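File shown here: upload-v1.cif, holding mmCIF, C-alpha atoms.
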```
data_entry
loop_
_atom_site.group_PDB
_atom_site.id
_atom_site.type_symbol
_atom_site.label_atom_id
_atom_site.label_comp_id
_atom_site.auth_asym_id
_atom_site.auth_seq_id
_atom_site.Cartn_x
_atom_site.Cartn_y
_atom_site.Cartn_z
ATOM 1 C CA MET A 1 8.752 -21.634 -2.401
ATOM 2 C CA PRO A 2 7.927 -19.888 0.901
ATOM 3 C CA PHE A 3 5.889 -16.703 0.740
ATOM 4 C CA PRO A 4 7.031 -14.256 3.492
ATOM 5 C CA SER A 5 4.467 -11.589 4.415
ATOM 6 C CA GLY A 6 4.239 -8.405 6.435
ATOM 7 C CA ASN A 7 1.229 -6.751 8.040
ATOM 8 C CA TYR A 8 1.469 -3.074 7.065
ATOM 9 C CA LEU A 9 -2.158 -2.604 6.005
ATOM 10 C CA GLU A 10 -3.461 -4.566 8.963
ATOM 11 C CA LYS A 11 -1.619 -2.227 11.336
ATOM 12 C CA GLU A 12 -2.829 0.858 9.441
ATOM 13 C CA THR A 13 -6.423 -0.422 9.535
ATOM 14 C CA GLN A 14 -6.279 -0.988 13.291
ATOM 15 C CA LYS A 15 -4.638 2.397 13.897
ATOM 16 C CA ASN A 16 -7.254 4.326 11.922
ATOM 17 C CA LEU A 17 -10.106 2.414 13.576
ATOM 18 C CA ILE A 18 -8.753 3.337 17.016
ATOM 19 C CA LEU A 19 -8.359 7.004 16.008
ATOM 20 C CA THR A 20 -11.919 7.027 14.616
ATOM 21 C CA ILE A 21 -13.254 5.657 17.902
ATOM 22 C CA LEU A 22 -11.262 8.194 19.935
ATOM 23 C CA CYS A 23 -12.618 11.073 17.848
ATOM 24 C CA ASP A 24 -16.140 9.686 18.283
ATOM 25 C CA VAL A 25 -15.669 9.559 22.039
ATOM 26 C CA ALA A 26 -14.294 13.108 22.136
ATOM 27 C CA LEU A 27 -17.246 14.384 20.097
ATOM 28 C CA LEU A 28 -19.718 12.601 22.359
ATOM 29 C CA VAL A 29 -18.115 14.081 25.488
ATOM 30 C CA ILE A 30 -18.296 17.602 24.036
ATOM 31 C CA ILE A 31 -21.967 17.125 23.150
ATOM 32 C CA LEU A 32 -22.821 15.794 26.612
ATOM 33 C CA ILE A 33 -21.144 18.602 28.530
ATOM 34 C CA SER A 34 -22.246 21.488 26.277
ATOM 35 C CA THR A 35 -25.881 20.700 25.387
ATOM 36 C CA PRO A 36 -28.453 22.629 27.467
ATOM 37 C CA ARG A 37 -31.011 20.664 29.487
ATOM 38 C CA LEU A 38 -28.858 17.541 29.565
ATOM 39 C CA PRO A 39 -27.961 16.386 33.107
ATOM 40 C CA THR A 40 -24.360 15.945 31.988
ATOM 41 C CA ARG A 41 -23.997 19.599 30.949
ATOM 42 C CA ILE A 42 -21.191 21.522 32.626
ATOM 43 C CA ASP A 43 -21.675 25.257 33.004
ATOM 44 C CA VAL A 44 -18.562 26.969 31.709
ATOM 45 C CA GLY A 45 -20.035 30.437 31.514
ATOM 46 C CA ASP A 46 -18.521 32.621 28.809
ATOM 47 C CA PHE A 47 -16.753 29.617 27.291
ATOM 48 C CA ASP A 48 -19.926 27.891 26.032
ATOM 49 C CA THR A 49 -19.389 29.030 22.448
ATOM 50 C CA SER A 50 -15.729 28.062 22.467
ATOM 51 C CA LEU A 51 -16.579 24.642 23.833
ATOM 52 C CA ALA A 52 -19.150 24.082 21.092
ATOM 53 C CA LEU A 53 -16.645 25.127 18.440
ATOM 54 C CA THR A 54 -14.180 22.512 19.642
ATOM 55 C CA ALA A 55 -16.634 19.886 18.346
ATOM 56 C CA VAL A 56 -15.420 20.765 14.854
ATOM 57 C CA PHE A 57 -12.078 19.066 15.450
ATOM 58 C CA PRO A 58 -13.313 15.596 16.468
ATOM 59 C CA THR A 59 -16.012 15.824 13.763
ATOM 60 C CA VAL A 60 -13.357 16.363 11.110
ATOM 61 C CA GLY A 61 -11.247 13.645 12.736
ATOM 62 C CA VAL A 62 -14.092 11.125 12.558
ATOM 63 C CA TYR A 63 -14.587 11.802 8.854
ATOM 64 C CA TYR A 64 -10.838 11.746 8.073
ATOM 65 C CA TYR A 65 -9.867 8.612 10.006
ATOM 66 C CA LEU A 66 -13.032 6.726 9.078
ATOM 67 C CA LYS A 67 -12.238 7.349 5.401
ATOM 68 C CA LYS A 68 -8.671 6.133 5.916
ATOM 69 C CA TYR A 69 -9.968 3.078 7.783
ATOM 70 C CA GLN A 70 -12.346 2.243 4.940
ATOM 71 C CA ASN A 71 -9.593 2.720 2.351
ATOM 72 C CA CYS A 72 -7.262 0.433 4.295
ATOM 73 C CA ARG A 73 -9.978 -2.213 4.607
ATOM 74 C CA GLN A 74 -10.571 -2.016 0.866
ATOM 75 C CA GLY A 75 -6.828 -2.157 0.231
ATOM 76 C CA MET A 76 -6.536 -5.285 2.357
ATOM 77 C CA LYS A 77 -9.200 -6.963 0.240
ATOM 78 C CA GLY A 78 -7.354 -6.026 -2.937
ATOM 79 C CA GLU A 79 -3.991 -7.225 -1.673
ATOM 80 C CA LYS A 80 -5.560 -10.496 -0.529
ATOM 81 C CA ARG A 81 -6.982 -11.034 -4.022
ATOM 82 C CA VAL A 82 -3.561 -10.434 -5.578
ATOM 83 C CA ARG A 83 -1.745 -12.635 -3.069
ATOM 84 C CA GLN A 84 -4.134 -15.547 -3.516
ATOM 85 C CA PHE A 85 -4.077 -15.153 -7.290
ATOM 86 C CA LEU A 86 -0.278 -15.190 -7.501
ATOM 87 C CA GLU A 87 0.039 -18.075 -5.062
ATOM 88 C CA SER A 88 -2.269 -20.114 -7.273
ATOM 89 C CA ARG A 89 -0.728 -19.109 -10.613
ATOM 90 C CA LEU A 90 3.029 -18.915 -10.016
ATOM 91 C CA ASN A 91 5.025 -22.095 -9.608
ATOM 92 C CA ASP A 92 7.501 -22.909 -6.859
ATOM 93 C CA SER A 93 10.385 -21.213 -8.658
ATOM 94 C CA TYR A 94 8.916 -17.816 -7.655
ATOM 95 C CA TYR A 95 9.000 -16.003 -4.330
ATOM 96 C CA LEU A 96 6.235 -13.637 -3.273
ATOM 97 C CA ILE A 97 6.861 -11.105 -0.492
ATOM 98 C CA ASN A 98 3.858 -9.106 0.723
ATOM 99 C CA ASP A 99 3.611 -5.811 2.632
ATOM 100 C CA VAL A 100 7.236 -4.718 2.839
ATOM 101 C CA GLU A 101 7.796 -1.499 4.790
ATOM 102 C CA TYR A 102 10.840 0.650 4.085
ATOM 103 C CA VAL A 103 12.193 4.188 4.452
ATOM 104 C CA ASN A 104 12.669 6.197 1.256
ATOM 105 C CA ASP A 105 15.438 8.687 0.452
ATOM 106 C CA ARG A 106 13.419 11.510 2.064
ATOM 107 C CA GLY A 107 13.134 9.627 5.347
ATOM 108 C CA SER A 108 9.435 8.821 4.921
ATOM 109 C CA LYS A 109 7.957 5.395 5.559
ATOM 110 C CA GLU A 110 6.621 3.606 2.488
ATOM 111 C CA ASN A 111 5.043 0.245 1.750
ATOM 112 C CA ILE A 112 5.465 -2.167 -1.140
ATOM 113 C CA ASP A 113 2.324 -4.232 -1.643
ATOM 114 C CA HIS A 114 4.062 -7.190 -3.317
ATOM 115 C CA ILE A 115 7.526 -8.144 -4.524
ATOM 116 C CA VAL A 116 7.821 -11.098 -6.881
ATOM 117 C CA LEU A 117 11.215 -12.681 -7.453
ATOM 118 C CA GLY A 118 11.518 -15.326 -10.129
ATOM 119 C CA PRO A 119 14.149 -16.904 -12.356
ATOM 120 C CA ASN A 120 13.187 -14.493 -15.159
ATOM 121 C CA GLY A 121 13.131 -11.216 -13.206
ATOM 122 C CA ILE A 122 12.180 -9.189 -10.149
ATOM 123 C CA PHE A 123 8.959 -7.150 -9.904
ATOM 124 C CA ALA A 124 7.597 -4.477 -7.548
ATOM 125 C CA ILE A 125 3.798 -4.539 -7.648
ATOM 126 C CA GLU A 126 1.505 -1.710 -6.593
ATOM 127 C CA THR A 127 -2.065 -2.930 -5.973
ATOM 128 C CA LYS A 128 -5.130 -0.716 -6.400
ATOM 129 C CA ASP A 129 -8.662 -1.916 -5.677
ATOM 130 C CA TYR A 130 -10.486 0.903 -7.480
ATOM 131 C CA ARG A 131 -13.655 0.256 -9.444
ATOM 132 C CA GLY A 132 -15.165 2.084 -12.388
ATOM 133 C CA LYS A 133 -13.280 3.476 -15.368
ATOM 134 C CA ILE A 134 -9.550 4.063 -14.861
ATOM 135 C CA THR A 135 -7.498 5.807 -17.533
ATOM 136 C CA CYS A 136 -3.709 6.104 -17.685
ATOM 137 C CA LYS A 137 -2.023 8.095 -20.448
ATOM 138 C CA ARG A 138 1.763 8.298 -20.262
ATOM 139 C CA GLY A 139 1.817 8.417 -16.480
ATOM 140 C CA TYR A 140 -1.223 10.689 -16.073
ATOM 141 C CA TRP A 141 -4.170 9.068 -14.327
ATOM 142 C CA ALA A 142 -7.904 9.742 -14.366
ATOM 143 C CA VAL A 143 -10.035 7.910 -11.797
ATOM 144 C CA PRO A 144 -13.601 8.295 -10.493
ATOM 145 C CA PHE A 145 -12.404 9.971 -7.285
ATOM 146 C CA PRO A 146 -9.265 11.612 -5.814
ATOM 147 C CA PHE A 147 -6.670 9.077 -4.721
ATOM 148 C CA GLY A 148 -3.416 10.884 -3.928
ATOM 149 C CA ARG A 149 -0.134 9.876 -5.522
ATOM 150 C CA SER A 150 0.103 8.460 -9.017
ATOM 151 C CA PRO A 151 0.071 4.633 -8.890
ATOM 152 C CA SER A 152 2.836 4.495 -11.487
ATOM 153 C CA SER A 153 4.988 6.848 -9.391
ATOM 154 C CA GLN A 154 4.412 4.625 -6.370
ATOM 155 C CA ALA A 155 5.350 1.515 -8.343
ATOM 156 C CA LYS A 156 8.501 3.136 -9.743
ATOM 157 C CA GLY A 157 9.536 4.412 -6.311
ATOM 158 C CA ASN A 158 9.080 0.948 -4.832
ATOM 159 C CA ALA A 159 11.018 -0.668 -7.676
ATOM 160 C CA TYR A 160 13.842 1.832 -7.119
ATOM 161 C CA TRP A 161 14.086 0.887 -3.416
ATOM 162 C CA VAL A 162 14.126 -2.834 -4.240
ATOM 163 C CA LYS A 163 16.884 -2.267 -6.790
ATOM 164 C CA GLN A 164 18.944 -0.164 -4.363
ATOM 165 C CA ALA A 165 18.521 -2.772 -1.612
ATOM 166 C CA ILE A 166 19.613 -5.601 -3.911
ATOM 167 C CA ASP A 167 22.599 -3.651 -5.243
ATOM 168 C CA ALA A 168 23.680 -2.702 -1.713
ATOM 169 C CA SER A 169 23.468 -6.282 -0.453
ATOM 170 C CA ARG A 170 25.707 -7.498 -3.316
ATOM 171 C CA VAL A 171 24.094 -10.944 -3.035
ATOM 172 C CA LEU A 172 24.012 -10.993 -6.839
ATOM 173 C CA GLY A 173 27.614 -9.890 -7.159
ATOM 174 C CA ASN A 174 28.192 -6.902 -9.442
ATOM 175 C CA LEU A 175 25.057 -7.550 -11.490
ATOM 176 C CA LYS A 176 23.085 -4.299 -11.734
ATOM 177 C CA VAL A 177 19.562 -5.652 -11.422
ATOM 178 C CA TRP A 178 16.616 -3.951 -13.090
ATOM 179 C CA VAL A 179 13.397 -4.228 -11.080
ATOM 180 C CA ASP A 180 10.215 -3.986 -13.131
ATOM 181 C CA PRO A 181 7.374 -1.858 -11.649
ATOM 182 C CA ILE A 182 3.818 -3.123 -12.214
ATOM 183 C CA VAL A 183 0.473 -1.570 -11.248
ATOM 184 C CA VAL A 184 -2.329 -4.118 -10.888
ATOM 185 C CA PHE A 185 -6.029 -3.344 -10.482
ATOM 186 C CA SER A 186 -7.559 -6.087 -8.380
ATOM 187 C CA ASN A 187 -11.247 -5.118 -8.326
ATOM 188 C CA PRO A 188 -13.304 -7.169 -10.821
ATOM 189 C CA ASP A 189 -15.526 -4.109 -11.443
ATOM 190 C CA VAL A 190 -12.738 -2.007 -12.951
ATOM 191 C CA GLU A 191 -12.618 -0.806 -16.549
ATOM 192 C CA LEU A 192 -9.004 -0.128 -17.514
ATOM 193 C CA GLU A 193 -7.724 1.984 -20.397
ATOM 194 C CA THR A 194 -3.994 2.645 -20.898
ATOM 195 C CA VAL A 195 -2.175 4.653 -23.546
ATOM 196 C CA ASP A 196 1.646 4.530 -23.649
ATOM 197 C CA SER A 197 1.869 3.965 -19.898
ATOM 198 C CA ASP A 198 5.292 4.503 -18.351
ATOM 199 C CA VAL A 199 4.905 1.283 -16.315
ATOM 200 C CA GLU A 200 3.161 -2.046 -16.847
ATOM 201 C CA VAL A 201 -0.536 -1.599 -15.930
ATOM 202 C CA VAL A 202 -2.742 -4.700 -15.846
ATOM 203 C CA LYS A 203 -5.952 -6.150 -14.494
ATOM 204 C CA LEU A 204 -5.614 -8.975 -12.012
ATOM 205 C CA GLU A 205 -6.409 -11.765 -14.454
ATOM 206 C CA ASN A 206 -3.426 -10.716 -16.629
ATOM 207 C CA LEU A 207 -0.889 -10.251 -13.835
ATOM 208 C CA ALA A 208 0.669 -13.733 -13.803
ATOM 209 C CA ASP A 209 1.079 -13.712 -17.595
ATOM 210 C CA SER A 210 2.770 -10.295 -17.418
ATOM 211 C CA ILE A 211 5.259 -11.623 -14.866
ATOM 212 C CA THR A 212 6.080 -14.919 -16.544
ATOM 213 C CA SER A 213 6.375 -13.346 -20.014
ATOM 214 C CA PHE A 214 9.443 -11.329 -18.963
ATOM 215 C CA ASN A 215 12.759 -12.933 -19.882
ATOM 216 C CA ARG A 216 15.261 -10.457 -18.527
ATOM 217 C CA TYR A 217 17.380 -12.787 -16.333
ATOM 218 C CA SER A 218 18.098 -16.421 -15.498
ATOM 219 C CA PHE A 219 18.462 -16.379 -11.720
ATOM 220 C CA SER A 220 19.290 -19.592 -9.889
ATOM 221 C CA PRO A 221 17.263 -20.795 -6.863
ATOM 222 C CA ASP A 222 20.202 -19.942 -4.577
ATOM 223 C CA GLN A 223 20.446 -16.415 -5.980
ATOM 224 C CA LEU A 224 16.746 -15.853 -5.427
ATOM 225 C CA LYS A 225 16.838 -17.165 -1.860
ATOM 226 C CA LEU A 226 19.786 -14.911 -0.986
ATOM 227 C CA THR A 227 18.017 -11.942 -2.577
ATOM 228 C CA VAL A 228 14.822 -12.549 -0.592
ATOM 229 C CA ASP A 229 16.797 -12.788 2.655
ATOM 230 C CA GLY A 230 18.711 -9.618 1.805
ATOM 231 C CA LEU A 231 15.548 -7.630 1.038
ATOM 232 C CA LEU A 232 13.813 -8.673 4.240
ATOM 233 C CA ARG A 233 16.934 -7.964 6.299
ATOM 234 C CA LYS A 234 17.291 -4.486 4.726
ATOM 235 C CA ALA A 235 13.650 -3.629 5.419
ATOM 236 C CA ARG A 236 13.852 -4.813 9.029
ATOM 237 C CA THR A 237 17.045 -2.833 9.623
ATOM 238 C CA GLN A 238 15.481 0.387 8.325
ATOM 239 C CA MET A 239 12.242 0.022 10.269
ATOM 240 C CA ASN A 240 14.058 -0.770 13.540
ATOM 241 C CA LYS A 241 16.171 2.396 13.463
#
```

Kindly return the structure encoded in the file as structure tokens.
Amino acid sequence: MPFPSGNYLEKETQKNLILTILCDVALLVIILISTPRLPTRIDVGDFDTSLALTAVFPTVGVYYYLKKYQNCRQGMKGEKRVRQFLESRLNDSYYLINDVEYVNDRGSKENIDHIVLGPNGIFAIETKDYRGKITCKRGYWAVPFPFGRSPSSQAKGNAYWVKQAIDASRVLGNLKVWVDPIVVFSNPDVELETVDSDVEVVKLENLADSITSFNRYSFSPDQLKLTVDGLLRKARTQMNK
């Protein structure tokens, strides 16, 4: 089956690279015009100290946007691993949609790394490319470094949007579809420990088995195709507002 894809992380990577470069340029300009004995120095009299202090802002910007750029690059690698793995392991009865952008109930833009639709169920997959020891106990996560929102919360939020979009489209009639959230760790150097997790949490090599082992529904090919079209149409409508 076709595998539609978006380019959310690619756009985020490019945006953060551009912002990093702009902050670098701003910092360089401040250094050139405020450093004594340089021919580019501009004499601003009593404002010398203030001008030097402004270097703090682009310095912080370089660190912040460079970190985001690196995280996005790493995320792209992880999502590519998952996409290639699923394309090679799932048969043609499954659809895989990558990088779906949407607007949540609070009006904020979100991204779903992967949506898998198959005859046996529908899955919202949150990909993390962390390495080292990762522990999840009943929705509480411990990782080697700060990472922001809980991966299980992200997966559940994404699954909720997919469910709402499917229900609103009514392409499956009055069937109230349950969408299963899954968190997958794509880095081969991860050590994963889970205890009573509130969502399915797996390493990449177990992802396809987790998906195909579900037997919640028996969707027809036509139902799946209509659902894919409805999801993509809903996402495009939201992002174009």

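Taken over the whole file, the PyMOL selection byres ((chain A and resi 176) around 9) covers exactly A:Lys163, A:Ile166, A:Asp167, A:Leu172, A:Gly173, A:Asn174, A:Leu175, A:Val177, A:Trp178.
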
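You can rank A:His114, A:Arg106, A:Lys133, A:Lys80 by their closest distance to Pro181 of chain A using only C-alpha atoms, and at the top of that list sits A:His114.
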
Work out where the centre of an axis-aligned box around every listed atom of segment 19-36 of chain A lies and how long its edges are once 4 Å is added on each side; give both in Å to one decimal as JSON.
```
{"center_x": -18.4, "center_y": 14.1, "center_z": 21.6, "size_x": 28.1, "size_y": 25.0, "size_z": 21.9}
```

Test item: residues at most 9 Å from Glu191 of chain A, only C-alpha atoms, excluding those fewer than 5 positions along its chain, as a short mmCIF file (atom, residue, chain, number, x, y, z; two decimals) with C-alpha atoms, in the coordinates of the input:
```
data_model
loop_
_atom_site.label_atom_id
_atom_site.label_comp_id
_atom_site.auth_asym_id
_atom_site.auth_seq_id
_atom_site.Cartn_x
_atom_site.Cartn_y
_atom_site.Cartn_z
CA ARG A 131 -13.66 0.26 -9.44
CA GLY A 132 -15.16 2.08 -12.39
CA LYS A 133 -13.28 3.48 -15.37
CA ILE A 134 -9.55 4.06 -14.86
CA THR A 135 -7.50 5.81 -17.53
CA LYS A 203 -5.95 -6.15 -14.49
#
```

Nearest residue to Trp161 of chain A out of A:Asn104, A:Asn7, A:Ser218, A:Thr212, using all atoms listed in the file? A:Asn104

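Compared by their closest atoms to Gln164 of chain A, and using all atoms listed in the file, the residues A:Ser186, A:Thr194, A:Ser220, A:Thr227 rank with A:Thr227 nearest.
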
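For the pair atom CA of Val25 of chain A and atom CA of Val62 of chain A, the separation is 9.7 Å.
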
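Between atom CA of Val82 of chain A and atom CA of Tyr94 of chain A there is a distance of 14.6 Å.
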
Expected selection from the PyMOL selection byres ((chain A and resi 58) around 10), given as a JSON list (two decimals) with C-alpha atoms, in the coordinates of the input:
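Here's the written file selection_28.json:
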```json
[["chain", "number", "residue", "atom", "x", "y", "z"],
["A", 19, "LEU", "CA", -8.36, 7.00, 16.01],
["A", 20, "THR", "CA", -11.92, 7.03, 14.62],
["A", 22, "LEU", "CA", -11.26, 8.19, 19.93],
["A", 23, "CYS", "CA", -12.62, 11.07, 17.85],
["A", 24, "ASP", "CA", -16.14, 9.69, 18.28],
["A", 25, "VAL", "CA", -15.67, 9.56, 22.04],
["A", 26, "ALA", "CA", -14.29, 13.11, 22.14],
["A", 27, "LEU", "CA", -17.25, 14.38, 20.10],
["A", 28, "LEU", "CA", -19.72, 12.60, 22.36],
["A", 30, "ILE", "CA", -18.30, 17.60, 24.04],
["A", 54, "THR", "CA", -14.18, 22.51, 19.64],
["A", 55, "ALA", "CA", -16.63, 19.89, 18.35],
["A", 56, "VAL", "CA", -15.42, 20.76, 14.85],
["A", 57, "PHE", "CA", -12.08, 19.07, 15.45],
["A", 59, "THR", "CA", -16.01, 15.82, 13.76],
["A", 60, "VAL", "CA", -13.36, 16.36, 11.11],
["A", 61, "GLY", "CA", -11.25, 13.64, 12.74],
["A", 62, "VAL", "CA", -14.09, 11.12, 12.56],
["A", 63, "TYR", "CA", -14.59, 11.80, 8.85],
["A", 64, "TYR", "CA", -10.84, 11.75, 8.07]]
```

If you count only C-alpha atoms, which residues fall within 12 Å of Asp222 of chain A, apart from same-chain ones fewer than 5 positions away, as a short mmCIF file (atom, residue, chain, number, x, y, z; two decimals) with C-alpha atoms, keeping the file's coordinate frame?
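Writing done, so here's out-v3.cif:
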```cif
data_model
loop_
_atom_site.label_atom_id
_atom_site.label_comp_id
_atom_site.auth_asym_id
_atom_site.auth_seq_id
_atom_site.Cartn_x
_atom_site.Cartn_y
_atom_site.Cartn_z
CA MET A 1 8.75 -21.63 -2.40
CA SER A 93 10.38 -21.21 -8.66
CA TYR A 94 8.92 -17.82 -7.66
CA TYR A 95 9.00 -16.00 -4.33
CA LEU A 117 11.22 -12.68 -7.45
CA GLY A 118 11.52 -15.33 -10.13
CA PRO A 119 14.15 -16.90 -12.36
CA VAL A 171 24.09 -10.94 -3.04
CA LEU A 172 24.01 -10.99 -6.84
CA THR A 227 18.02 -11.94 -2.58
CA VAL A 228 14.82 -12.55 -0.59
CA ASP A 229 16.80 -12.79 2.66
#
```

Considering all atoms listed in the file, state which residue in the set A:Lys77, A:Gln84, A:Ile18, A:Asp92 is at the smallest distance from Tyr65 of chain A. A:Ile18

Residues within 10 Å of Gln154 of chain A, please, as number ranges by chain. Count all atoms listed in the file; anything in the same chain fewer than 5 positions from it doesn't count. A: 110-112, 124-127, 149, 159-160, 181-183

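Candidate residues A:Val195, A:Ile211, A:Ile21, A:Val179 were compared for distance to Lys156 of chain A, and the nearest is A:Val179, using all atoms listed in the file.
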
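Counting from atom CA of Tyr102 of chain A, the distance to atom CA of Leu231 of chain A is 10.0 Å.
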
Nearest to Asn187 of chain A among A:Glu12, A:Glu87, A:Glu200, A:Glu205, with distances taken over only C-alpha atoms: which residue is it? A:Glu205

Using the chain letters and numbering of this document, enumerate as a PyMOL selection string the residues selected by the PyMOL selection byres ((chain A and resi 233) around 12). chain A and resi 100-102+165-166+168-169+226-232+234-240

Take segment 65-77 of chain A, model N, CA and C atoms, and hand the result over as a PDB file, keeping the file's coordinate frame.
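Result file follows (result37.pdb):
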```
ATOM      1  N   TYR A  65     -10.394   9.930   9.640  1.00  0.00           N
ATOM      2  CA  TYR A  65      -9.867   8.612  10.006  1.00  0.00           C
ATOM      3  C   TYR A  65     -10.798   7.477   9.586  1.00  0.00           C
ATOM      4  N   LEU A  66     -12.113   7.748   9.570  1.00  0.00           N
ATOM      5  CA  LEU A  66     -13.032   6.726   9.078  1.00  0.00           C
ATOM      6  C   LEU A  66     -12.785   6.451   7.601  1.00  0.00           C
ATOM      7  N   LYS A  67     -12.531   7.514   6.831  1.00  0.00           N
ATOM      8  CA  LYS A  67     -12.238   7.349   5.401  1.00  0.00           C
ATOM      9  C   LYS A  67     -10.946   6.552   5.217  1.00  0.00           C
ATOM     10  N   LYS A  68      -9.928   6.871   6.011  1.00  0.00           N
ATOM     11  CA  LYS A  68      -8.671   6.133   5.916  1.00  0.00           C
ATOM     12  C   LYS A  68      -8.862   4.674   6.315  1.00  0.00           C
ATOM     13  N   TYR A  69      -9.676   4.449   7.350  1.00  0.00           N
ATOM     14  CA  TYR A  69      -9.968   3.078   7.783  1.00  0.00           C
ATOM     15  C   TYR A  69     -10.647   2.296   6.658  1.00  0.00           C
ATOM     16  N   GLN A  70     -11.632   2.915   6.027  1.00  0.00           N
ATOM     17  CA  GLN A  70     -12.346   2.243   4.940  1.00  0.00           C
ATOM     18  C   GLN A  70     -11.417   1.964   3.760  1.00  0.00           C
ATOM     19  N   ASN A  71     -10.542   2.920   3.442  1.00  0.00           N
ATOM     20  CA  ASN A  71      -9.593   2.720   2.351  1.00  0.00           C
ATOM     21  C   ASN A  71      -8.629   1.579   2.656  1.00  0.00           C
ATOM     22  N   CYS A  72      -8.170   1.513   3.905  1.00  0.00           N
ATOM     23  CA  CYS A  72      -7.262   0.433   4.295  1.00  0.00           C
ATOM     24  C   CYS A  72      -7.956  -0.924   4.231  1.00  0.00           C
ATOM     25  N   ARG A  73      -9.216  -0.961   4.686  1.00  0.00           N
ATOM     26  CA  ARG A  73      -9.978  -2.213   4.607  1.00  0.00           C
ATOM     27  C   ARG A  73     -10.121  -2.659   3.154  1.00  0.00           C
ATOM     28  N   GLN A  74     -10.426  -1.693   2.282  1.00  0.00           N
ATOM     29  CA  GLN A  74     -10.571  -2.016   0.866  1.00  0.00           C
ATOM     30  C   GLN A  74      -9.236  -2.454   0.284  1.00  0.00           C
ATOM     31  N   GLY A  75      -8.159  -1.773   0.700  1.00  0.00           N
ATOM     32  CA  GLY A  75      -6.828  -2.157   0.231  1.00  0.00           C
ATOM     33  C   GLY A  75      -6.441  -3.554   0.661  1.00  0.00           C
ATOM     34  N   MET A  76      -6.817  -3.931   1.882  1.00  0.00           N
ATOM     35  CA  MET A  76      -6.536  -5.285   2.357  1.00  0.00           C
ATOM     36  C   MET A  76      -7.235  -6.331   1.496  1.00  0.00           C
ATOM     37  N   LYS A  77      -8.476  -6.037   1.104  1.00  0.00           N
ATOM     38  CA  LYS A  77      -9.200  -6.963   0.240  1.00  0.00           C
ATOM     39  C   LYS A  77      -8.490  -7.116  -1.106  1.00  0.00           C
TER      40      LYS A  77
END
```
